[in-house]
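*Asks:* This is the content of target.cif (mmCIF, C-alpha atoms):
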```cif
data_final
#
loop_
_atom_site.label_atom_id
_atom_site.label_comp_id
_atom_site.auth_asym_id
_atom_site.auth_seq_id
_atom_site.Cartn_x
_atom_site.Cartn_y
_atom_site.Cartn_z
CA MET A 84 -27.57 -1.11 4.54
CA THR A 85 -27.86 -4.27 6.61
CA ARG A 86 -25.24 -6.32 4.79
CA ALA A 87 -21.49 -6.05 5.10
CA PRO A 88 -19.58 -4.09 2.46
CA ARG A 89 -17.42 -5.82 -0.12
CA ILE A 90 -14.08 -4.05 -0.51
CA LEU A 91 -11.78 -4.63 -3.47
CA VAL A 92 -8.09 -4.05 -2.67
CA PHE A 93 -6.03 -3.60 -5.85
CA ASP A 94 -2.27 -3.44 -6.32
CA SER A 95 0.26 -4.26 -8.99
CA GLY A 96 1.46 -7.12 -6.82
CA LEU A 97 1.53 -8.19 -3.19
CA GLY A 98 2.39 -4.91 -1.51
CA GLY A 99 -1.25 -4.08 -0.98
CA LEU A 100 -1.48 -6.96 1.50
CA THR A 101 -0.06 -4.46 4.02
CA VAL A 102 -3.07 -2.25 3.30
CA PHE A 103 -5.45 -5.21 3.43
CA ARG A 104 -4.24 -6.07 6.91
CA ALA A 105 -4.89 -2.51 8.12
CA LEU A 106 -8.31 -2.50 6.44
CA ALA A 107 -9.26 -5.79 8.07
CA ALA A 108 -8.35 -4.35 11.45
CA GLN A 109 -10.33 -1.16 10.76
CA ARG A 110 -13.35 -2.90 9.21
CA PRO A 111 -13.40 -6.47 10.56
CA ASP A 112 -16.99 -6.87 9.41
CA ALA A 113 -16.26 -6.37 5.70
CA ASP A 114 -15.77 -8.95 2.95
CA TYR A 115 -12.61 -8.57 0.89
CA VAL A 116 -11.30 -9.33 -2.58
CA TYR A 117 -7.57 -8.83 -3.03
CA ALA A 118 -6.45 -8.46 -6.64
CA ALA A 119 -2.80 -8.47 -7.70
CA ASP A 120 -2.10 -7.32 -11.25
CA ASP A 121 0.56 -9.84 -12.15
CA ILE A 122 -0.07 -8.99 -15.82
CA GLY A 123 1.20 -5.44 -15.27
CA PHE A 124 3.72 -5.82 -12.42
CA PRO A 125 5.81 -3.77 -11.85
CA TYR A 126 4.20 -0.40 -12.56
CA GLY A 127 6.99 1.80 -11.23
CA SER A 128 9.23 1.63 -14.30
CA LYS A 129 6.49 1.68 -16.96
CA PRO A 130 5.39 4.72 -19.03
CA GLU A 131 2.42 6.56 -17.55
CA ASP A 132 0.05 5.82 -20.44
CA GLU A 133 0.81 2.11 -20.19
CA VAL A 134 0.03 2.09 -16.46
CA LYS A 135 -3.27 3.87 -17.08
CA THR A 136 -4.23 1.31 -19.73
CA LEU A 137 -3.27 -1.63 -17.50
CA VAL A 138 -5.15 -0.38 -14.44
CA LEU A 139 -8.31 0.57 -16.31
CA ALA A 140 -8.42 -2.79 -18.10
CA ALA A 141 -7.85 -4.70 -14.86
CA LEU A 142 -10.48 -2.76 -12.91
CA GLU A 143 -13.01 -3.14 -15.72
CA ARG A 144 -12.84 -6.92 -15.30
CA LEU A 145 -12.59 -6.95 -11.52
CA ILE A 146 -15.53 -4.63 -10.91
CA ALA A 147 -17.68 -6.61 -13.35
CA ASP A 148 -16.73 -9.89 -11.63
CA HIS A 149 -16.95 -8.83 -7.96
CA ALA A 150 -19.29 -5.81 -7.77
CA PRO A 151 -17.41 -4.09 -4.92
CA ASP A 152 -18.97 -1.43 -2.73
CA GLY A 153 -15.63 0.33 -2.49
CA VAL A 154 -12.20 0.05 -4.11
CA VAL A 155 -8.86 0.73 -2.45
CA ILE A 156 -6.01 1.36 -4.88
CA ALA A 157 -3.13 0.16 -2.71
CA CYS A 158 -0.44 1.47 -5.03
CA ASN A 159 1.17 4.91 -5.13
CA THR A 160 1.92 4.79 -8.86
CA ALA A 161 -1.60 3.80 -9.88
CA SER A 162 -3.19 6.24 -7.44
CA THR A 163 -1.33 9.28 -8.68
CA LEU A 164 -2.05 8.45 -12.33
CA VAL A 165 -5.45 6.81 -12.55
CA LEU A 166 -7.75 7.82 -9.67
CA PRO A 167 -9.47 10.66 -11.59
CA LEU A 168 -10.09 8.29 -14.53
CA LEU A 169 -11.51 5.59 -12.25
CA ARG A 170 -13.84 8.01 -10.48
CA ALA A 171 -15.11 9.31 -13.82
CA ARG A 172 -15.66 5.79 -15.16
CA TRP A 173 -17.44 4.50 -12.02
CA PRO A 174 -18.95 7.58 -10.28
CA ASP A 175 -21.09 5.46 -7.94
CA ILE A 176 -18.16 3.53 -6.46
CA PRO A 177 -15.91 5.24 -3.88
CA PHE A 178 -12.21 4.90 -4.69
CA VAL A 179 -9.55 5.41 -2.02
CA GLY A 180 -5.99 5.90 -3.17
CA THR A 181 -2.50 5.86 -1.76
CA VAL A 182 -0.15 8.84 -1.71
CA PRO A 183 3.30 9.28 -0.15
CA ALA A 184 2.91 10.05 3.57
CA ILE A 185 5.03 13.18 3.38
CA LYS A 186 2.77 15.28 5.61
CA PRO A 187 3.04 13.07 8.74
CA ALA A 188 6.77 12.61 8.13
CA ALA A 189 7.33 16.36 8.12
CA GLU A 190 5.06 16.92 11.10
CA GLY A 191 6.90 14.33 13.18
CA SER A 192 10.49 15.06 12.19
CA ARG A 193 12.69 16.77 14.75
CA SER A 194 15.85 16.86 12.65
CA ARG A 195 13.94 18.26 9.61
CA LEU A 196 15.75 15.65 7.50
CA ILE A 197 13.32 13.18 5.96
CA SER A 198 13.54 10.72 3.08
CA VAL A 199 10.99 9.30 0.67
CA LEU A 200 11.71 5.71 -0.36
CA ALA A 201 9.69 4.98 -3.49
CA THR A 202 9.75 3.54 -6.98
CA PRO A 203 11.54 5.57 -9.68
CA GLY A 204 8.17 6.57 -11.14
CA THR A 205 6.85 7.97 -7.86
CA VAL A 206 10.09 9.85 -7.24
CA ALA A 207 9.91 11.47 -10.68
CA ARG A 208 6.24 12.36 -10.52
CA ASP A 209 5.20 16.01 -10.14
CA TYR A 210 2.58 14.93 -7.61
CA THR A 211 5.31 13.88 -5.16
CA ARG A 212 7.12 17.17 -5.50
CA GLU A 213 3.87 19.05 -5.00
CA LEU A 214 3.33 17.21 -1.71
CA ILE A 215 6.83 18.18 -0.60
CA GLU A 216 6.21 21.82 -1.52
CA LYS A 217 2.89 21.81 0.32
CA PHE A 218 3.77 19.91 3.48
CA ALA A 219 7.57 19.80 3.87
CA ARG A 220 8.91 23.13 2.73
CA ASP A 221 10.95 23.52 5.92
CA CYS A 222 12.50 20.05 5.60
CA ALA A 223 15.38 18.74 3.55
CA VAL A 224 13.76 15.90 1.65
CA THR A 225 15.82 13.14 0.05
CA LEU A 226 14.02 11.26 -2.74
CA VAL A 227 15.23 7.70 -3.23
CA GLY A 228 13.87 5.70 -6.15
CA SER A 229 14.56 1.98 -5.87
CA LYS A 230 14.35 -0.20 -8.95
CA THR A 231 14.56 -3.49 -7.05
CA LEU A 232 12.84 -3.28 -3.64
CA ALA A 233 9.34 -4.07 -4.93
CA GLY A 234 10.68 -7.16 -6.66
CA LEU A 235 12.56 -8.19 -3.53
CA ALA A 236 9.36 -7.83 -1.50
CA GLU A 237 7.50 -10.00 -4.02
CA ALA A 238 10.22 -12.64 -3.81
CA PHE A 239 10.12 -12.56 -0.01
CA MET A 240 6.36 -13.06 0.01
CA GLN A 241 6.73 -15.95 -2.42
CA GLY A 242 8.97 -17.66 0.15
CA GLU A 243 12.28 -16.96 -1.57
CA SER A 244 15.38 -15.92 0.35
CA VAL A 245 16.35 -12.26 0.13
CA ALA A 246 19.91 -11.06 0.68
CA ASP A 247 20.51 -8.49 3.40
CA ALA A 248 23.14 -6.81 1.24
CA ALA A 249 20.65 -6.19 -1.58
CA ILE A 250 18.19 -4.47 0.77
CA ALA A 251 20.88 -2.52 2.65
CA ARG A 252 22.18 -1.15 -0.67
CA GLU A 253 18.74 0.16 -1.62
CA ILE A 254 17.97 1.91 1.66
CA ALA A 255 21.44 3.37 2.25
CA PRO A 256 20.78 6.68 0.34
CA CYS A 257 17.86 7.40 2.70
CA PHE A 258 20.22 8.00 5.61
CA VAL A 259 21.64 11.52 5.51
CA GLU A 260 23.81 13.37 8.03
CA LYS A 261 24.01 17.16 7.86
CA ASP A 262 25.25 19.76 10.35
CA GLY A 263 25.12 17.30 13.22
CA ARG A 264 21.59 16.16 12.29
CA ARG A 265 20.43 12.83 10.93
CA THR A 266 17.47 11.61 8.94
CA ASP A 267 14.80 10.64 11.46
CA ALA A 268 11.79 9.75 9.28
CA ILE A 269 11.54 7.68 6.11
CA VAL A 270 8.34 7.54 4.09
CA LEU A 271 7.61 4.10 2.65
CA ALA A 272 6.07 5.40 -0.56
CA CYS A 273 5.39 2.00 -2.08
CA THR A 274 3.00 -0.43 -0.41
CA HIS A 275 5.43 -3.28 -1.09
CA TYR A 276 8.05 -1.77 1.17
CA PRO A 277 6.41 -2.41 4.58
CA LEU A 278 6.66 -6.13 3.73
CA LEU A 279 10.41 -5.68 4.26
CA GLN A 280 10.20 -3.42 7.31
CA ASP A 281 11.83 -5.96 9.64
CA PHE A 282 14.80 -6.00 7.27
CA PHE A 283 14.87 -2.20 7.14
CA ALA A 284 14.88 -1.82 10.93
CA ARG A 285 17.64 -4.41 11.35
CA LEU A 286 19.85 -3.04 8.57
CA ALA A 287 19.41 0.68 9.25
CA PRO A 288 22.59 2.50 10.35
CA TRP A 289 20.53 4.27 13.04
CA PRO A 290 16.92 4.16 14.27
CA VAL A 291 14.36 6.12 12.28
CA HIS A 292 10.58 6.35 12.07
CA TRP A 293 9.47 4.20 9.12
CA ILE A 294 6.12 5.62 7.99
CA ASP A 295 3.70 3.05 6.65
CA PRO A 296 0.64 4.64 4.96
CA ALA A 297 -1.63 1.60 5.49
CA PRO A 298 -3.39 2.70 8.73
CA ALA A 299 -4.29 6.10 7.23
CA ILE A 300 -5.61 4.43 4.07
CA ALA A 301 -7.76 2.11 6.17
CA ARG A 302 -9.21 5.01 8.16
CA ARG A 303 -10.04 6.87 4.95
CA ALA A 304 -11.75 3.82 3.43
CA ASP A 305 -13.80 3.36 6.60
CA HIS A 306 -14.80 7.02 6.50
CA VAL A 307 -16.05 6.97 2.91
CA LEU A 308 -18.02 3.74 3.46
CA SER A 309 -19.41 4.47 6.92
CA ASP A 310 -22.54 6.34 5.79
CA ARG A 311 -23.77 3.43 3.67
CA PHE A 312 -22.21 0.69 5.75
CA PRO A 313 -21.96 1.43 9.48
CA THR A 314 -19.62 -0.95 11.25
CA ARG A 315 -21.39 -4.13 12.31
CA ALA A 316 -20.42 -6.90 14.69
CA VAL A 317 -17.24 -8.82 13.95
CA ARG A 318 -18.01 -11.85 11.81
CA ASP A 319 -16.30 -14.53 9.76
CA ALA A 320 -15.72 -12.38 6.71
CA ALA A 321 -15.18 -13.66 3.19
CA PHE A 322 -11.78 -13.25 1.56
CA ALA A 323 -10.71 -13.99 -2.00
CA PHE A 324 -7.27 -13.60 -3.58
CA VAL A 325 -7.00 -13.29 -7.36
CA PHE A 326 -4.29 -12.61 -9.91
CA THR A 327 -5.43 -10.61 -12.95
CA SER A 328 -3.89 -13.29 -15.17
CA GLY A 329 -6.18 -15.87 -13.63
CA ALA A 330 -3.19 -17.92 -12.49
CA PRO A 331 -3.52 -19.70 -9.13
CA PRO A 332 -1.19 -18.47 -6.37
CA ALA A 333 1.86 -20.66 -5.85
CA PRO A 334 1.72 -22.95 -2.79
CA ARG A 335 4.29 -20.90 -0.87
CA LEU A 336 2.37 -17.71 -1.50
CA MET A 337 -0.90 -19.32 -0.44
CA LYS A 338 0.77 -20.46 2.76
CA THR A 339 1.92 -16.89 3.43
CA ILE A 340 -1.57 -15.55 2.73
CA GLU A 341 -3.15 -18.16 5.00
CA VAL A 342 -0.78 -17.20 7.82
CA LEU A 343 -1.79 -13.55 7.31
CA ARG A 344 -5.49 -14.45 7.30
CA GLU A 345 -5.12 -16.49 10.50
CA LYS A 346 -3.33 -13.59 12.18
CA ILE A 347 -6.10 -11.20 11.14
CA ALA A 348 -8.73 -13.66 12.39
CA ARG A 349 -7.03 -13.80 15.79
CA GLU A 350 -6.92 -10.03 15.94
CA ARG A 351 -10.62 -9.90 15.07
CA ARG A 352 -11.46 -12.33 17.88
CA VAL A 353 -9.51 -10.18 20.32
CA GLN A 354 -11.47 -7.12 19.13
CA ALA A 355 -14.74 -8.95 19.53
CA SER A 356 -13.97 -10.01 23.13
CA ALA A 357 -12.64 -6.61 24.21
#
```
Could you write out this file's structure as structure tokens?
*Replies:*
Amino acid sequence: MTRAPRILVFDSGLGGLTVFRALAAQRPDADYVYAADDIGFPYGSKPEDEVKTLVLAALERLIADHAPDGVVIACNTASTLVLPLLRARWPDIPFVGTVPAIKPAAEGSRSRLISVLATPGTVARDYTRELIEKFARDCAVTLVGSKTLAGLAEAFMQGESVADAAIAREIAPCFVEKDGRRTDAIVLACTHYPLLQDFFARLAPWPVHWIDPAPAIARRADHVLSDRFPTRAVRDAAFAFVFTSGAPPAPRLMKTIEVLREKIARERRVQASA
């Protein structure tokens, strides 16, 4: 292939922008479409069958409209429920999903006390518990399902003020002390949560390793696309942002997105001159 790949990044809302940023750093030559499913947001508290219906309907339209070469599902809830269905429906399109980064948390923890900060749906899902059984059997794992953090992250990205107390209340159960040991790694098992990472670091009762899955997702996407689309020279890539409702982004959100795009463009120029 001589052209650049077109990558569709899909999330229930704006959390996948953290994944988009990592993807743009990993594949600065690619063109991107970011799709936020404002029709279905939030997924975390919805029944599984409803999430499956929402995601399949949204991707049906998006793939028809944008013809992506690869799709990144930048959402833990959607990934754990719908990836097999998506791969069966579109066998010629590679899909890369998002799963809780429990393995690196367990590998890097010295205290063997780790926490998984997620949506209630991800916390309750068998898939999450299977990851713990497979990769963190020798750790004490605290599962924390927040009903409000994704919404707070959306509000923050829309330019609204977010109260420290509201965030501190949600992350407090992640911090556990036991037999002189303390939690030292917290998995951010919702792509919205890294949007609030500066708040988390400032409000944490002690320093911990906050594990953002975005870089690993970007590396995986690059790997599955590299055979058909070897990395080319850095270029002025195309970027489109769409809501599944068709609504235009609010001015404050567009300003935030433009700031992000400018930051990525600067990083690309640095890469190109290195």
*Asks:* Using all atoms listed in the file, which residues sit within 7 Å of region 226-228 of chain A once same-chain residues fewer than 6 positions away are excluded, as a list in words?
*Replies:*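 Residues near the query, excluding close chain neighbours: Ser198, Val199, Leu200, Ala201, Thr202, Pro203, Val206, Pro256 and Cys257 of chain A.
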*Asks:* Which neighbours of Ala118 (chain A) fall inside 6 Å, counting only C-alpha atoms, when residues of the same chain fewer than 3 positions from it are skipped, and could you give them as a PyMOL selection string?
*Replies:* chain A and resi 93+325-326
*Asks:* Excluding region 300-303 of chain A and any residue of its chain fewer than 2 positions from it, enumerate the residues within 6 Å of it, using all atoms listed in the file, and give them as a ChimeraX atom specification.
*Replies:* /A:105-106,297-298,305-306
*Asks:* Find the spatial neighbours of Ala272 (chain A), counting only C-alpha atoms, within a cut-off of 10 Å - ignore same-chain residues fewer than 2 positions away - and output them as a VMD selection string.
*Replies:* chain A and resid 158 to 160 181 to 185 198 to 202 205 to 206 211 227 to 228 269 to 270 274 to 277 294 to 296
*Asks:* Which polymer residues, protein or nucleic acid, are no farther than 10 Å from (-5.6, -3.6, 2.7), counting all atoms listed in the file, as a PyMOL selection string?
*Replies:* chain A and resi 90-94+98-109+115-117+155-157+274+297-298+300-301+304
*Asks:* Keeping only C-alpha atoms, write the selected residues to a file as a CSV table (one decimal), in the frame of the given file.
*Replies:*
```
chain,number,residue,atom,x,y,z
A,90,ILE,CA,-14.1,-4.0,-0.5
A,91,LEU,CA,-11.8,-4.6,-3.5
A,92,VAL,CA,-8.1,-4.0,-2.7
A,93,PHE,CA,-6.0,-3.6,-5.8
A,94,ASP,CA,-2.3,-3.4,-6.3
A,98,GLY,CA,2.4,-4.9,-1.5
A,99,GLY,CA,-1.2,-4.1,-1.0
A,100,LEU,CA,-1.5,-7.0,1.5
A,101,THR,CA,-0.1,-4.5,4.0
A,102,VAL,CA,-3.1,-2.2,3.3
A,103,PHE,CA,-5.4,-5.2,3.4
A,104,ARG,CA,-4.2,-6.1,6.9
A,105,ALA,CA,-4.9,-2.5,8.1
A,106,LEU,CA,-8.3,-2.5,6.4
A,107,ALA,CA,-9.3,-5.8,8.1
A,108,ALA,CA,-8.4,-4.4,11.4
A,109,GLN,CA,-10.3,-1.2,10.8
A,115,TYR,CA,-12.6,-8.6,0.9
A,116,VAL,CA,-11.3,-9.3,-2.6
A,117,TYR,CA,-7.6,-8.8,-3.0
A,155,VAL,CA,-8.9,0.7,-2.4
A,156,ILE,CA,-6.0,1.4,-4.9
A,157,ALA,CA,-3.1,0.2,-2.7
A,274,THR,CA,3.0,-0.4,-0.4
A,297,ALA,CA,-1.6,1.6,5.5
A,298,PRO,CA,-3.4,2.7,8.7
A,300,ILE,CA,-5.6,4.4,4.1
A,301,ALA,CA,-7.8,2.1,6.2
A,304,ALA,CA,-11.8,3.8,3.4
```
*Asks:* Between A:Trp293, A:Phe312, A:Trp173, A:Phe178, single out the one closest to Ile197 (chain A), counting all atoms listed in the file.
*Replies:*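 With all atoms listed in the file as the atom set, the closest residue is A:Trp293.
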*Asks:* Quick one, how far is CA of Ser192 (chain A) from CA of Leu235 (chain A)?
*Replies:*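 Taking CA of Ser192 (chain A) as the start and CA of Leu235 (chain A) as the end point, the length is 28.1 Å.
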*Asks:* What separation in Å, quoted to one decimal, exists between CA of Leu232 (chain A) and CA of Pro125 (chain A)?
*Replies:* 10.8 Å
*Asks:* Determine the nearest neighbour of Arg195 (chain A) from the options A:Pro167, A:Gly263, A:Pro177, A:Pro130, counting all atoms listed in the file.
*Replies:*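 Smallest distance to Arg195 (chain A) is found for A:Gly263.
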*Asks:* Quick one, how far is CA of Glu133 (chain A) from CA of Ala330 (chain A)?
*Replies:* 21.8 Å
*Asks:* Working from the structure I just supplied, which lacks atoms in region 320-335 of chain A, can you model N, CA, C and O atoms there and output them as a compact mmCIF listing (two decimals), keeping the file's coordinate frame?
*Replies:*
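Contents of part-v2.txt, freshly written:
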```txt
# COMPACT_ATOMS: atom_id res chain seq x y z
N ALA A 320 -15.60 -13.06 7.99
CA ALA A 320 -15.72 -12.38 6.71
C ALA A 320 -15.17 -13.24 5.58
O ALA A 320 -14.29 -14.08 5.77
N ALA A 321 -15.68 -12.97 4.38
CA ALA A 321 -15.18 -13.66 3.19
C ALA A 321 -13.92 -12.99 2.69
O ALA A 321 -13.75 -11.77 2.80
N PHE A 322 -13.02 -13.78 2.12
CA PHE A 322 -11.78 -13.25 1.56
C PHE A 322 -11.43 -14.05 0.32
O PHE A 322 -11.44 -15.28 0.34
N ALA A 323 -11.14 -13.34 -0.77
CA ALA A 323 -10.71 -13.99 -2.00
C ALA A 323 -9.44 -13.31 -2.49
O ALA A 323 -9.29 -12.09 -2.40
N PHE A 324 -8.52 -14.12 -3.01
CA PHE A 324 -7.27 -13.60 -3.58
C PHE A 324 -7.25 -13.99 -5.05
O PHE A 324 -7.44 -15.16 -5.39
N VAL A 325 -7.03 -12.99 -5.93
CA VAL A 325 -7.00 -13.29 -7.36
C VAL A 325 -5.81 -12.59 -8.00
O VAL A 325 -5.42 -11.49 -7.59
N PHE A 326 -5.23 -13.25 -8.99
CA PHE A 326 -4.29 -12.61 -9.91
C PHE A 326 -5.08 -12.19 -11.16
O PHE A 326 -5.98 -12.91 -11.60
N THR A 327 -4.72 -11.06 -11.76
CA THR A 327 -5.43 -10.61 -12.95
C THR A 327 -5.21 -11.55 -14.12
O THR A 327 -6.02 -11.58 -15.06
N SER A 328 -4.14 -12.32 -14.10
CA SER A 328 -3.89 -13.29 -15.17
C SER A 328 -4.78 -14.51 -15.06
O SER A 328 -4.89 -15.30 -16.00
N GLY A 329 -5.40 -14.68 -13.88
CA GLY A 329 -6.18 -15.87 -13.63
C GLY A 329 -5.36 -17.04 -13.11
O GLY A 329 -5.91 -18.10 -12.80
N ALA A 330 -4.06 -16.85 -12.98
CA ALA A 330 -3.19 -17.92 -12.49
C ALA A 330 -3.44 -18.17 -11.00
O ALA A 330 -3.71 -17.23 -10.25
N PRO A 331 -3.37 -19.43 -10.56
CA PRO A 331 -3.52 -19.70 -9.13
C PRO A 331 -2.26 -19.28 -8.38
O PRO A 331 -1.14 -19.38 -8.93
N PRO A 332 -2.39 -18.80 -7.15
CA PRO A 332 -1.19 -18.47 -6.37
C PRO A 332 -0.35 -19.72 -6.13
O PRO A 332 -0.88 -20.81 -5.95
N ALA A 333 0.97 -19.55 -6.13
CA ALA A 333 1.86 -20.66 -5.85
C ALA A 333 1.65 -21.15 -4.41
O ALA A 333 1.22 -20.37 -3.55
N PRO A 334 1.94 -22.41 -4.14
CA PRO A 334 1.72 -22.95 -2.79
C PRO A 334 2.38 -22.14 -1.69
O PRO A 334 1.78 -21.93 -0.63
N ARG A 335 3.61 -21.69 -1.92
CA ARG A 335 4.29 -20.90 -0.87
C ARG A 335 3.57 -19.59 -0.60
O ARG A 335 3.45 -19.15 0.54
```
